[in-house]
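**Student:** Sharing a structure below in structure tokens format, with a few things to ask.
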Amino acid sequence: MKTISALTFDTKLDGWEKSRGFVKREIPIPMVDEKKNPRDAVAVLIQVQYAGVCGTDRGIWNRQVFYELIHESLKREKKTRRILGHEFVGKVTAAGSQVENLYGVKVGDDVSGDSHITCGRCFQCRVREDEVCQDQAILGISADGVFAKYIKIPAKNLWQVDFSRIRAEVAAMLDPFGNAVHACSKVDLRGKRVAILGCGPIGMFTILLARAFGAVKVIAVDPNKPNLRMARSLGAHETILLARPPAHAAYADKALEEAIEKFTYKKGVDVTFEMAGPNSSVNNAFAITRGGGHVVLFGLKDGDFVLPHFNRVILKGLTVHGVIGRQIFATWQTSQRMLSDKKNGIQDKIWRIVLKEGKGTILPMNLYNPEKFEEMMKKYPKILIKM
Ligand SMILES: [Zn+2]
Ligand SMILES: [Zn+2]
């Protein structure tokens, strides 16, 4: 049988508690086979060109997120091995008989796609709120993902890409870029002062987009100095170095509150994007946002949170937004346009500043080893795997 390499986690062979990282394993090459599986009529086989590594993958690497989703979904599938990864760009190499008819996608097309496989039947799907579908699987978490040379996914998830408008390495990040577009579409940012807590890749994309959408002051907050330098070169007006909070701290950071007061003439920011996830960061978000302002929560961590002075959320009249995934495909349309418009500089900055023109940030799959991979994840906010 023909096999390909994939980056995986196995509940039996690796074990959540006693391992970390991803294990490279040989797996059978997936096939579109309608005789065996009638649903393959609407599935495609994709040869992956680049796959993005994101915060979710780091979280799984360190066994901090998605324990339940991974284990429960594998149990349902009666399997123990999950292929990880959910951000990709690649070429369609085989397609079920209904794919072109229903989705206009053909063999040979270059595609990226949404990582959430939605059911299409539930209430939310029917009212076009697929991002909160009641019966969805997420690539690389509750369905097999994209860290492999070939993947099989439903054609309805695909988004066609044109490399003359968006280079392949950047198109591989349409999914996380879309998270930032979705987060920024929750509030009208024109003329607003904005804080971004957590300058990982999606926080960085949010800086670029907040400026493009008209925010007049963007304040980037992170405990990591190189991230803040990058935030400034992407266009943040101010940066605040956050003292690294103890692991399970639940309190807001006084020094941060004071720094925000200074930058906002004692008003607090109009909008806070929480893109990091720790309990303390959520409390920071509530503390630094002005009365009547908006808090957009995107960062995610497992476990129970403590919210001291929770009544302040009400007393301050805050509006809190939870953001998951992307609106399919309204967000994708906006993402494509924001990246294709060469004049706004967003694509160029992502390529030059975030991806460092690929220097040291792209790992060929055949050179994968856990030590090297971990070193790259530590060194760069965003890395890609070249399949
Ligand atoms: Zn991601
Ligand atoms: Zn649904």
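Scheme for the structure tokens: letters A, B, ... for chains in order shown; per-chain residue numbers from 1; ligand numbers from 1 in order shown.
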So that I can check the secondary structure, give me every residue of segment 95-334 of chain A assigned helix (DSSP H, G or I) by backbone DSSP, as JSON, numbers by chain.

**Tutor:** {"A": [99, 100, 101, 102, 103, 123, 124, 125, 126, 130, 131, 132, 155, 156, 157, 168, 169, 170, 171, 174, 175, 176, 177, 178, 179, 180, 181, 182, 183, 184, 201, 202, 203, 204, 205, 206, 207, 208, 209, 210, 211, 212, 225, 226, 227, 228, 229, 230, 231, 232, 233, 234, 254, 255, 256, 257, 258, 259, 260, 261, 262, 263, 279, 280, 281, 282, 283, 284, 285, 286, 287, 288, 311, 312, 313, 314, 315, 330, 331, 332, 333, 334]}

**Student:** Quick one: residues within 7 Å of Asp114 of chain A, only C-alpha atoms counted, chain neighbours fewer than 4 positions away excluded, as a PDB file with C-alpha atoms, in the first residue's frame?

**Tutor:**
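part_9.pdb written:
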ATOM      1  CA  ASN A 157     -14.962  23.806   2.619  1.00  0.00           C
ATOM      2  CA  LEU A 158     -12.763  24.951  -0.243  1.00  0.00           C
ATOM      3  CA  ASP A 175      -7.807  30.545   7.799  1.00  0.00           C
TER       4      ASP A 175
END

**Student:** Find the spatial neighbours of segment 51-60 of chain A, counting only C-alpha atoms, within a cut-off of 10 Å - ignore same-chain residues fewer than 5 positions away - and output them as a PyMOL selection string.

**Tutor:** chain A and resi 9+16+20-22+65-67+70+84-90+112+140-141+145-149+169-176+200-202+276+299-302+362-363+365+374+377-378+381-387

**Student:** Next, write the just-selected residues to a file, as a compact mmCIF listing (two decimals), in the first residue's frame, keeping N, CA and C atoms as the atom set.

**Tutor:**
# COMPACT_ATOMS: atom_id res chain seq x y z
N PHE A 9 -0.91 12.64 16.50
CA PHE A 9 -0.94 12.32 17.93
C PHE A 9 -1.77 11.06 18.06
N TRP A 16 -1.83 11.40 26.20
CA TRP A 16 -1.90 12.86 26.41
C TRP A 16 -0.99 13.30 27.55
N ARG A 20 4.54 14.86 24.63
CA ARG A 20 4.24 16.16 24.04
C ARG A 20 4.71 16.13 22.60
N GLY A 21 4.37 17.18 21.85
CA GLY A 21 4.82 17.23 20.46
C GLY A 21 3.97 16.39 19.52
N PHE A 22 4.44 16.33 18.26
CA PHE A 22 3.76 15.54 17.22
C PHE A 22 4.70 14.43 16.77
N VAL A 65 -4.73 22.31 25.18
CA VAL A 65 -6.07 22.59 24.66
C VAL A 65 -6.64 21.38 23.91
N PHE A 66 -7.97 21.34 23.84
CA PHE A 66 -8.71 20.39 23.00
C PHE A 66 -8.55 18.92 23.39
N TYR A 67 -8.23 18.67 24.67
CA TYR A 67 -8.16 17.27 25.13
C TYR A 67 -9.47 16.54 24.80
N ILE A 70 -10.48 16.08 20.95
CA ILE A 70 -9.64 15.08 20.27
C ILE A 70 -10.03 13.68 20.72
N LEU A 84 -2.79 15.98 12.66
CA LEU A 84 -2.97 17.34 13.16
C LEU A 84 -2.91 18.36 12.02
N GLY A 85 -3.15 19.62 12.38
CA GLY A 85 -3.01 20.72 11.41
C GLY A 85 -4.32 21.10 10.74
N HIS A 86 -4.51 22.41 10.52
CA HIS A 86 -5.78 22.83 9.90
C HIS A 86 -5.65 23.99 8.93
N GLU A 87 -4.46 24.55 8.77
CA GLU A 87 -4.30 25.68 7.82
C GLU A 87 -3.53 25.18 6.61
N PHE A 88 -4.06 25.42 5.42
CA PHE A 88 -3.40 24.83 4.25
C PHE A 88 -3.65 25.60 2.97
N VAL A 89 -2.75 25.32 2.01
CA VAL A 89 -3.02 25.68 0.62
C VAL A 89 -2.49 24.51 -0.20
N GLY A 90 -3.17 24.19 -1.29
CA GLY A 90 -2.72 23.06 -2.09
C GLY A 90 -3.50 22.96 -3.38
N SER A 112 -7.44 26.94 -0.80
CA SER A 112 -7.30 26.87 0.64
C SER A 112 -8.68 26.45 1.13
N GLY A 140 -7.81 18.63 12.08
CA GLY A 140 -6.65 18.57 12.98
C GLY A 140 -7.02 18.50 14.44
N ILE A 141 -8.33 18.48 14.75
CA ILE A 141 -8.78 18.37 16.14
C ILE A 141 -9.81 17.24 16.23
N GLY A 145 -6.46 16.11 9.98
CA GLY A 145 -6.05 17.42 9.51
C GLY A 145 -5.10 17.41 8.32
N VAL A 146 -4.32 18.48 8.22
CA VAL A 146 -3.61 18.79 6.97
C VAL A 146 -2.09 18.62 7.03
N PHE A 147 -1.56 18.16 8.17
CA PHE A 147 -0.11 17.95 8.22
C PHE A 147 0.25 16.61 7.55
N ALA A 148 -0.03 16.55 6.24
CA ALA A 148 0.24 15.35 5.45
C ALA A 148 0.28 15.78 3.98
N LYS A 149 0.93 14.98 3.17
CA LYS A 149 1.09 15.36 1.76
C LYS A 149 -0.26 15.37 1.02
N GLU A 169 2.42 31.10 0.15
CA GLU A 169 2.77 31.04 1.58
C GLU A 169 1.78 31.84 2.42
N VAL A 170 1.29 32.95 1.86
CA VAL A 170 0.32 33.78 2.59
C VAL A 170 -1.08 33.16 2.47
N ALA A 171 -1.38 32.59 1.31
CA ALA A 171 -2.69 31.94 1.14
C ALA A 171 -2.85 30.77 2.12
N ALA A 172 -1.73 30.17 2.52
CA ALA A 172 -1.79 29.08 3.51
C ALA A 172 -2.31 29.58 4.85
N MET A 173 -2.31 30.92 5.03
CA MET A 173 -2.74 31.50 6.32
C MET A 173 -4.10 32.19 6.22
N LEU A 174 -4.85 31.92 5.15
CA LEU A 174 -6.17 32.55 5.01
C LEU A 174 -7.09 32.19 6.17
N ASP A 175 -6.94 30.98 6.69
CA ASP A 175 -7.81 30.55 7.80
C ASP A 175 -7.55 31.39 9.07
N PRO A 176 -6.32 31.50 9.57
CA PRO A 176 -6.11 32.35 10.75
C PRO A 176 -6.27 33.84 10.45
N GLY A 200 0.48 37.05 19.08
CA GLY A 200 0.80 35.90 18.23
C GLY A 200 0.34 36.27 16.82
N PRO A 201 0.37 35.33 15.89
CA PRO A 201 0.02 35.66 14.51
C PRO A 201 -1.36 36.31 14.37
N ILE A 202 -2.37 35.79 15.05
CA ILE A 202 -3.71 36.36 14.84
C ILE A 202 -3.80 37.75 15.48
N ALA A 276 -5.05 36.06 23.54
CA ALA A 276 -4.03 35.23 24.18
C ALA A 276 -4.65 34.02 24.88
N GLY A 299 -8.96 34.45 22.33
CA GLY A 299 -8.00 33.51 22.93
C GLY A 299 -8.73 32.40 23.66
N LEU A 300 -8.13 31.22 23.67
CA LEU A 300 -8.84 30.05 24.20
C LEU A 300 -7.90 29.21 25.06
N LYS A 301 -8.35 28.91 26.27
CA LYS A 301 -7.62 27.96 27.13
C LYS A 301 -8.65 27.06 27.81
N ASP A 302 -8.28 25.80 28.00
CA ASP A 302 -9.16 24.88 28.73
C ASP A 302 -9.22 25.30 30.21
N ILE A 362 10.06 28.28 7.28
CA ILE A 362 9.38 27.22 6.51
C ILE A 362 10.18 25.92 6.62
N LEU A 363 9.54 24.89 7.14
CA LEU A 363 10.24 23.62 7.35
C LEU A 363 9.73 22.58 6.35
N MET A 365 8.74 19.07 5.11
CA MET A 365 8.26 17.92 5.88
C MET A 365 9.33 16.84 6.04
N GLU A 374 10.25 22.39 17.40
CA GLU A 374 10.01 23.15 18.62
C GLU A 374 10.87 24.41 18.67
N MET A 377 9.27 26.91 16.45
CA MET A 377 8.06 27.49 17.07
C MET A 377 8.43 28.52 18.13
N LYS A 378 9.54 28.26 18.83
CA LYS A 378 9.97 29.21 19.87
C LYS A 378 10.49 30.49 19.25
N PRO A 381 6.88 33.61 15.46
CA PRO A 381 5.46 33.52 15.81
C PRO A 381 4.69 32.64 14.83
N LYS A 382 5.14 32.63 13.55
CA LYS A 382 4.39 31.84 12.55
C LYS A 382 5.36 31.01 11.74
N ILE A 383 5.11 29.72 11.66
CA ILE A 383 5.92 28.89 10.77
C ILE A 383 5.00 28.06 9.86
N LEU A 384 5.58 27.66 8.72
CA LEU A 384 4.84 26.84 7.77
C LEU A 384 5.59 25.52 7.57
N ILE A 385 4.84 24.49 7.20
CA ILE A 385 5.45 23.23 6.79
C ILE A 385 5.26 23.14 5.28
N LYS A 386 6.36 22.86 4.56
CA LYS A 386 6.28 22.67 3.12
C LYS A 386 6.21 21.16 2.88
N MET A 387 5.13 20.72 2.24
CA MET A 387 4.91 19.26 2.15
C MET A 387 5.74 18.61 1.06

**Student:** Using only C-alpha atoms, which residues sit within 12 Å of Asp304 of chain A once same-chain residues fewer than 6 positions away are excluded, as number ranges by chain?

**Tutor:** A: 248, 250, 277-279

**Student:** Please check which protein, DNA or RNA residues sit within 10 Å of ligand 2, counting only C-alpha atoms and all ligand atoms, and write them as a short mmCIF file (atom, residue, chain, number, x, y, z; two decimals) with all heavy atoms, in the first residue's frame.

**Tutor:**
data_model
loop_
_atom_site.label_atom_id
_atom_site.label_comp_id
_atom_site.auth_asym_id
_atom_site.auth_seq_id
_atom_site.Cartn_x
_atom_site.Cartn_y
_atom_site.Cartn_z
N ILE A 117 -15.60 21.90 9.54
CA ILE A 117 -16.49 21.13 8.66
C ILE A 117 -17.87 21.14 9.30
O ILE A 117 -18.11 20.46 10.30
CB ILE A 117 -15.98 19.69 8.49
CG1 ILE A 117 -14.56 19.72 7.89
CG2 ILE A 117 -16.93 18.89 7.60
CD1 ILE A 117 -13.90 18.36 7.85
N THR A 118 -18.75 21.95 8.71
CA THR A 118 -20.06 22.16 9.33
C THR A 118 -21.08 21.19 8.74
O THR A 118 -20.87 20.64 7.66
CB THR A 118 -20.52 23.61 9.13
OG1 THR A 118 -20.52 23.87 7.72
CG2 THR A 118 -19.56 24.57 9.80
N CYS A 119 -22.22 21.03 9.46
CA CYS A 119 -23.16 19.97 9.07
C CYS A 119 -24.10 20.39 7.95
O CYS A 119 -24.58 19.55 7.19
CB CYS A 119 -23.94 19.50 10.29
SG CYS A 119 -25.29 20.60 10.78
N GLY A 120 -24.39 21.69 7.84
CA GLY A 120 -25.29 22.16 6.80
C GLY A 120 -26.77 21.94 7.11
O GLY A 120 -27.63 22.40 6.37
N ARG A 121 -27.06 21.24 8.21
CA ARG A 121 -28.45 20.87 8.51
C ARG A 121 -29.02 21.55 9.75
O ARG A 121 -30.22 21.74 9.88
CB ARG A 121 -28.54 19.35 8.74
CG ARG A 121 -28.25 18.51 7.55
CD ARG A 121 -28.33 17.03 7.89
NE ARG A 121 -27.38 16.66 8.93
CZ ARG A 121 -26.15 16.20 8.70
NH1 ARG A 121 -25.73 16.02 7.46
NH2 ARG A 121 -25.35 15.90 9.69
N CYS A 122 -28.15 21.91 10.70
CA CYS A 122 -28.66 22.40 11.99
C CYS A 122 -29.23 23.82 11.85
O CYS A 122 -29.07 24.47 10.82
CB CYS A 122 -27.54 22.36 13.05
SG CYS A 122 -26.30 23.64 12.84
N PHE A 123 -29.84 24.30 12.92
CA PHE A 123 -30.44 25.63 12.91
C PHE A 123 -29.45 26.71 12.48
O PHE A 123 -29.71 27.49 11.57
CB PHE A 123 -31.01 25.96 14.31
CG PHE A 123 -31.59 27.33 14.40
CD1 PHE A 123 -32.89 27.58 13.97
CD2 PHE A 123 -30.84 28.40 14.88
CE1 PHE A 123 -33.42 28.85 14.03
CE2 PHE A 123 -31.36 29.67 14.94
CZ PHE A 123 -32.66 29.90 14.52
N GLN A 124 -28.28 26.73 13.13
CA GLN A 124 -27.31 27.78 12.81
C GLN A 124 -26.84 27.71 11.36
O GLN A 124 -26.68 28.73 10.72
CB GLN A 124 -26.10 27.70 13.74
CG GLN A 124 -26.35 28.25 15.13
CD GLN A 124 -26.79 27.15 16.08
OE1 GLN A 124 -27.61 26.31 15.73
NE2 GLN A 124 -26.27 27.18 17.29
N CYS A 125 -26.60 26.49 10.87
CA CYS A 125 -26.18 26.37 9.47
C CYS A 125 -27.28 26.91 8.55
O CYS A 125 -27.00 27.63 7.59
CB CYS A 125 -25.88 24.91 9.12
SG CYS A 125 -24.26 24.37 9.68
N ARG A 126 -28.52 26.59 8.89
CA ARG A 126 -29.63 27.02 8.03
C ARG A 126 -29.79 28.54 8.03
O ARG A 126 -30.27 29.10 7.05
CB ARG A 126 -30.95 26.36 8.47
CG ARG A 126 -30.93 24.84 8.41
CD ARG A 126 -30.87 24.30 7.01
NE ARG A 126 -32.13 24.45 6.29
CZ ARG A 126 -32.28 24.21 5.00
NH1 ARG A 126 -31.24 23.81 4.27
NH2 ARG A 126 -33.44 24.36 4.42
N VAL A 127 -29.43 29.19 9.14
CA VAL A 127 -29.56 30.65 9.16
C VAL A 127 -28.21 31.33 8.87
O VAL A 127 -28.00 32.49 9.18
CB VAL A 127 -30.16 31.19 10.49
CG1 VAL A 127 -31.56 30.63 10.70
CG2 VAL A 127 -29.27 30.88 11.69
N ARG A 128 -27.30 30.58 8.26
CA ARG A 128 -26.01 31.10 7.83
C ARG A 128 -25.15 31.61 8.97
O ARG A 128 -24.52 32.65 8.88
CB ARG A 128 -26.20 32.20 6.77
CG ARG A 128 -26.84 31.65 5.53
CD ARG A 128 -26.40 32.42 4.33
NE ARG A 128 -26.83 31.78 3.12
CZ ARG A 128 -27.02 32.40 1.97
NH1 ARG A 128 -26.79 33.69 1.89
NH2 ARG A 128 -27.39 31.74 0.92
N GLU A 129 -25.20 30.88 10.08
CA GLU A 129 -24.26 31.15 11.16
C GLU A 129 -23.44 29.87 11.37
O GLU A 129 -23.32 29.36 12.48
CB GLU A 129 -25.02 31.57 12.43
CG GLU A 129 -25.72 32.90 12.27
CD GLU A 129 -26.62 33.29 13.43
OE1 GLU A 129 -26.64 32.58 14.45
OE2 GLU A 129 -27.31 34.32 13.30
N ASP A 130 -22.87 29.39 10.28
CA ASP A 130 -22.17 28.09 10.29
C ASP A 130 -21.03 28.04 11.30
O ASP A 130 -20.64 26.96 11.72
CB ASP A 130 -21.52 27.75 8.94
CG ASP A 130 -22.26 28.24 7.74
OD1 ASP A 130 -22.83 29.34 7.80
OD2 ASP A 130 -22.23 27.52 6.73
N GLU A 131 -20.46 29.22 11.62
CA GLU A 131 -19.29 29.18 12.52
C GLU A 131 -19.65 28.63 13.90
O GLU A 131 -18.78 28.21 14.64
CB GLU A 131 -18.63 30.57 12.62
CG GLU A 131 -19.37 31.63 13.40
CD GLU A 131 -20.43 32.38 12.58
OE1 GLU A 131 -20.81 31.91 11.50
OE2 GLU A 131 -20.86 33.45 13.04
N VAL A 132 -20.95 28.63 14.23
CA VAL A 132 -21.38 28.03 15.49
C VAL A 132 -22.31 26.84 15.23
O VAL A 132 -23.24 26.58 15.99
CB VAL A 132 -22.02 29.06 16.44
CG1 VAL A 132 -20.94 29.91 17.11
CG2 VAL A 132 -23.01 29.97 15.72
N CYS A 133 -22.03 26.12 14.15
CA CYS A 133 -22.77 24.89 13.81
C CYS A 133 -22.80 23.96 15.02
O CYS A 133 -21.83 23.82 15.74
CB CYS A 133 -22.05 24.20 12.64
SG CYS A 133 -22.56 22.50 12.37
N GLN A 134 -23.95 23.32 15.22
CA GLN A 134 -24.11 22.43 16.39
C GLN A 134 -23.42 21.09 16.20
O GLN A 134 -23.28 20.32 17.15
CB GLN A 134 -25.61 22.15 16.62
CG GLN A 134 -26.39 23.37 17.03
CD GLN A 134 -27.89 23.08 17.04
OE1 GLN A 134 -28.32 21.99 17.39
NE2 GLN A 134 -28.69 24.06 16.67
N ASP A 135 -23.07 20.77 14.97
CA ASP A 135 -22.52 19.44 14.72
C ASP A 135 -21.33 19.56 13.77
O ASP A 135 -21.37 19.08 12.65
CB ASP A 135 -23.63 18.56 14.11
CG ASP A 135 -23.18 17.12 13.96
OD1 ASP A 135 -22.20 16.73 14.61
OD2 ASP A 135 -23.81 16.40 13.16
N GLN A 136 -20.27 20.24 14.25
CA GLN A 136 -19.15 20.47 13.36
C GLN A 136 -17.91 19.72 13.82
O GLN A 136 -17.77 19.36 14.98
CB GLN A 136 -18.84 21.96 13.29
CG GLN A 136 -18.44 22.60 14.61
CD GLN A 136 -18.15 24.07 14.45
OE1 GLN A 136 -17.39 24.47 13.58
NE2 GLN A 136 -18.76 24.89 15.30
N ALA A 137 -17.04 19.47 12.86
CA ALA A 137 -15.73 18.89 13.17
C ALA A 137 -14.68 19.91 12.73
O ALA A 137 -14.90 20.66 11.78
CB ALA A 137 -15.55 17.59 12.41
#

**Student:** From the set A:Lys18, A:Arg193, A:Lys356, A:Arg25, which residue has the shortest atom-to-atom contact distance to His294 of chain A, counting only C-alpha atoms?

**Tutor:**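 Smallest distance to His294 of chain A is found for A:Arg193.
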
**Student:** Excluding segment 339-354 of chain A and residues on its chain fewer than 2 positions from it, collect all residues at most 8 Å away from it, counting only C-alpha atoms, and give them as a compact mmCIF listing (two decimals) with all heavy atoms, in the first residue's frame.

**Tutor:**
# COMPACT_ATOMS: atom_id res chain seq x y z
N ARG A 165 -2.52 36.87 -7.13
CA ARG A 165 -3.02 37.92 -6.22
C ARG A 165 -2.51 37.71 -4.79
O ARG A 165 -2.20 38.66 -4.08
CB ARG A 165 -4.55 37.95 -6.23
CG ARG A 165 -5.09 38.57 -7.50
CD ARG A 165 -6.56 38.86 -7.36
NE ARG A 165 -7.37 37.67 -7.59
CZ ARG A 165 -8.67 37.61 -7.34
NH1 ARG A 165 -9.29 38.66 -6.83
NH2 ARG A 165 -9.35 36.52 -7.58
N ILE A 166 -2.50 36.45 -4.35
CA ILE A 166 -2.01 36.15 -3.00
C ILE A 166 -0.98 35.03 -3.12
O ILE A 166 -1.31 33.95 -3.62
CB ILE A 166 -3.17 35.70 -2.07
CG1 ILE A 166 -4.29 36.74 -2.06
CG2 ILE A 166 -2.65 35.46 -0.66
CD1 ILE A 166 -5.50 36.35 -1.22
N GLU A 169 2.42 31.10 0.15
CA GLU A 169 2.77 31.04 1.58
C GLU A 169 1.78 31.84 2.42
O GLU A 169 1.50 31.49 3.57
CB GLU A 169 4.19 31.58 1.81
CG GLU A 169 5.29 30.76 1.14
CD GLU A 169 5.60 31.24 -0.27
OE1 GLU A 169 4.71 31.85 -0.92
OE2 GLU A 169 6.73 30.99 -0.75
N VAL A 170 1.29 32.95 1.86
CA VAL A 170 0.32 33.78 2.59
C VAL A 170 -1.08 33.16 2.47
O VAL A 170 -1.84 33.14 3.45
CB VAL A 170 0.35 35.24 2.07
CG1 VAL A 170 -0.74 36.08 2.74
CG2 VAL A 170 1.73 35.86 2.35
N PRO A 201 0.37 35.33 15.89
CA PRO A 201 0.02 35.66 14.51
C PRO A 201 -1.36 36.31 14.37
O PRO A 201 -1.49 37.30 13.65
CB PRO A 201 0.05 34.30 13.81
CG PRO A 201 0.95 33.47 14.65
CD PRO A 201 0.81 33.95 16.05
N PHE A 205 -2.17 39.94 12.90
CA PHE A 205 -3.09 40.23 11.79
C PHE A 205 -4.12 41.26 12.24
O PHE A 205 -4.53 42.13 11.46
CB PHE A 205 -3.82 38.95 11.33
CG PHE A 205 -2.93 37.85 10.82
CD1 PHE A 205 -3.33 36.52 10.90
CD2 PHE A 205 -1.69 38.13 10.25
CE1 PHE A 205 -2.52 35.49 10.43
CE2 PHE A 205 -0.87 37.11 9.78
CZ PHE A 205 -1.28 35.79 9.87
N LEU A 208 -2.78 44.79 11.90
CA LEU A 208 -2.82 45.25 10.50
C LEU A 208 -4.24 45.63 10.10
O LEU A 208 -4.48 46.68 9.46
CB LEU A 208 -2.32 44.15 9.57
CG LEU A 208 -0.82 43.79 9.68
CD1 LEU A 208 -0.55 42.45 8.99
CD2 LEU A 208 0.02 44.89 9.04
N LEU A 209 -5.20 44.78 10.46
CA LEU A 209 -6.59 45.00 10.03
C LEU A 209 -7.23 46.16 10.78
O LEU A 209 -7.96 46.96 10.18
CB LEU A 209 -7.41 43.72 10.24
CG LEU A 209 -7.09 42.61 9.24
CD1 LEU A 209 -7.56 41.26 9.76
CD2 LEU A 209 -7.74 42.91 7.88
N ALA A 212 -6.23 49.20 9.13
CA ALA A 212 -6.88 49.33 7.81
C ALA A 212 -8.36 49.68 7.95
O ALA A 212 -8.93 50.36 7.11
CB ALA A 212 -6.71 48.04 7.02
N MET A 230 7.88 43.38 16.62
CA MET A 230 7.19 43.04 15.38
C MET A 230 5.86 43.80 15.30
O MET A 230 5.51 44.34 14.25
CB MET A 230 6.95 41.53 15.32
CG MET A 230 6.56 41.04 13.95
SD MET A 230 6.31 39.24 13.84
CE MET A 230 7.97 38.63 13.62
N SER A 233 6.49 47.24 14.12
CA SER A 233 6.81 47.37 12.69
C SER A 233 5.59 47.04 11.81
O SER A 233 5.54 47.43 10.65
CB SER A 233 8.03 46.53 12.31
OG SER A 233 7.86 45.22 12.76
N LEU A 234 4.59 46.38 12.39
CA LEU A 234 3.36 46.13 11.63
C LEU A 234 2.40 47.33 11.71
O LEU A 234 1.41 47.37 10.99
CB LEU A 234 2.64 44.88 12.15
CG LEU A 234 3.35 43.54 11.92
CD1 LEU A 234 2.60 42.42 12.60
CD2 LEU A 234 3.50 43.25 10.43
N SER A 335 -11.28 38.68 3.56
CA SER A 335 -9.86 38.33 3.73
C SER A 335 -9.13 38.42 2.40
O SER A 335 -8.05 39.01 2.29
CB SER A 335 -9.70 36.90 4.25
OG SER A 335 -10.34 36.76 5.49
N GLN A 336 -9.73 37.82 1.38
CA GLN A 336 -9.09 37.82 0.06
C GLN A 336 -8.88 39.25 -0.43
O GLN A 336 -7.83 39.58 -0.96
CB GLN A 336 -9.95 37.04 -0.92
CG GLN A 336 -9.45 37.18 -2.34
CD GLN A 336 -10.06 36.13 -3.23
OE1 GLN A 336 -9.98 34.94 -2.97
NE2 GLN A 336 -10.70 36.58 -4.29
N ARG A 337 -9.88 40.09 -0.23
CA ARG A 337 -9.76 41.46 -0.74
C ARG A 337 -8.72 42.25 0.04
O ARG A 337 -7.97 43.03 -0.53
CB ARG A 337 -11.12 42.15 -0.68
CG ARG A 337 -12.06 41.55 -1.70
CD ARG A 337 -13.43 42.13 -1.64
NE ARG A 337 -14.27 41.48 -2.64
CZ ARG A 337 -15.49 41.86 -2.92
NH1 ARG A 337 -16.03 42.88 -2.29
NH2 ARG A 337 -16.18 41.24 -3.84
N LYS A 356 9.10 36.60 7.55
CA LYS A 356 10.52 36.88 7.26
C LYS A 356 10.94 36.35 5.88
O LYS A 356 12.02 35.75 5.73
CB LYS A 356 11.41 36.29 8.35
CG LYS A 356 11.00 36.75 9.75
CD LYS A 356 12.09 36.64 10.75
CE LYS A 356 11.65 37.10 12.12
NZ LYS A 356 11.31 38.53 12.21
N GLU A 357 10.07 36.53 4.92
CA GLU A 357 10.29 36.07 3.53
C GLU A 357 10.64 34.59 3.48
O GLU A 357 11.37 34.14 2.60
CB GLU A 357 11.37 36.92 2.87
CG GLU A 357 10.98 38.38 2.80
CD GLU A 357 12.06 39.27 2.18
OE1 GLU A 357 13.24 38.89 2.25
OE2 GLU A 357 11.69 40.33 1.65
N GLY A 358 10.17 33.85 4.46
CA GLY A 358 10.40 32.40 4.45
C GLY A 358 11.75 31.98 5.01
O GLY A 358 12.05 30.78 5.06
N PRO A 381 6.88 33.61 15.46
CA PRO A 381 5.46 33.52 15.81
C PRO A 381 4.69 32.64 14.83
O PRO A 381 3.73 31.98 15.21
CB PRO A 381 4.97 34.96 15.75
CG PRO A 381 5.99 35.71 14.97
CD PRO A 381 7.29 34.98 15.12
N LYS A 382 5.14 32.63 13.55
CA LYS A 382 4.39 31.84 12.55
C LYS A 382 5.36 31.01 11.74
O LYS A 382 6.32 31.55 11.20
CB LYS A 382 3.62 32.79 11.62
CG LYS A 382 2.66 32.08 10.70
CD LYS A 382 1.43 31.64 11.45
CE LYS A 382 0.57 30.69 10.67
NZ LYS A 382 -0.57 30.23 11.48

**Student:** Give me, as a ChimeraX atom specification, the residues of segment 80-201 of chain A that a backbone DSSP run labels strand (DSSP E or B).

**Tutor:** /A:81-83,87-95,110-113,116-117,137-139,143,148,150-154,158-160,193-197

**Student:** Any chance you can output those residues with C-alpha atoms as a CSV table (one decimal), in the first residue's frame?

**Tutor:**
chain,number,residue,atom,x,y,z
A,81,ARG,CA,-4.6,8.4,15.8
A,82,ARG,CA,-5.3,12.0,14.8
A,83,ILE,CA,-3.5,13.8,11.9
A,87,GLU,CA,-4.3,25.7,7.8
A,88,PHE,CA,-3.4,24.8,4.3
A,89,VAL,CA,-3.0,25.7,0.6
A,90,GLY,CA,-2.7,23.1,-2.1
A,91,LYS,CA,-4.0,21.6,-5.4
A,92,VAL,CA,-7.0,19.5,-6.0
A,93,THR,CA,-5.8,16.2,-7.5
A,94,ALA,CA,-9.0,14.1,-7.4
A,95,ALA,CA,-12.7,15.1,-7.0
A,110,ASP,CA,-5.4,25.9,-6.2
A,111,VAL,CA,-7.3,26.0,-3.0
A,112,SER,CA,-7.3,26.9,0.6
A,113,GLY,CA,-10.3,26.1,2.9
A,116,HIS,CA,-14.5,23.9,10.3
A,117,ILE,CA,-16.5,21.1,8.7
A,137,ALA,CA,-15.7,18.9,13.2
A,138,ILE,CA,-12.5,20.9,13.1
A,139,LEU,CA,-9.6,19.7,10.9
A,143,ALA,CA,-11.3,15.3,12.1
A,148,ALA,CA,0.2,15.4,5.4
A,150,TYR,CA,-2.5,14.4,0.7
A,151,ILE,CA,-5.7,15.1,2.5
A,152,LYS,CA,-9.3,14.3,1.8
A,153,ILE,CA,-11.9,16.9,2.7
A,154,PRO,CA,-15.4,18.0,1.7
A,158,LEU,CA,-12.8,25.0,-0.2
A,159,TRP,CA,-11.9,28.5,-1.2
A,160,GLN,CA,-10.2,28.9,-4.6
A,193,ARG,CA,-8.7,53.3,20.4
A,194,VAL,CA,-8.0,49.7,20.4
A,195,ALA,CA,-5.9,47.3,22.6
A,196,ILE,CA,-4.7,43.9,21.4
A,197,LEU,CA,-3.8,41.5,24.2

**Student:** From the options A:Ser97, A:Thr3, A:Asn179, A:Ser73, which residue's atoms come nearest to ligand 1, counting only C-alpha atoms and all ligand atoms?

**Tutor:**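 Checking each candidate against ligand 1, we get A:Asn179 as the closest.
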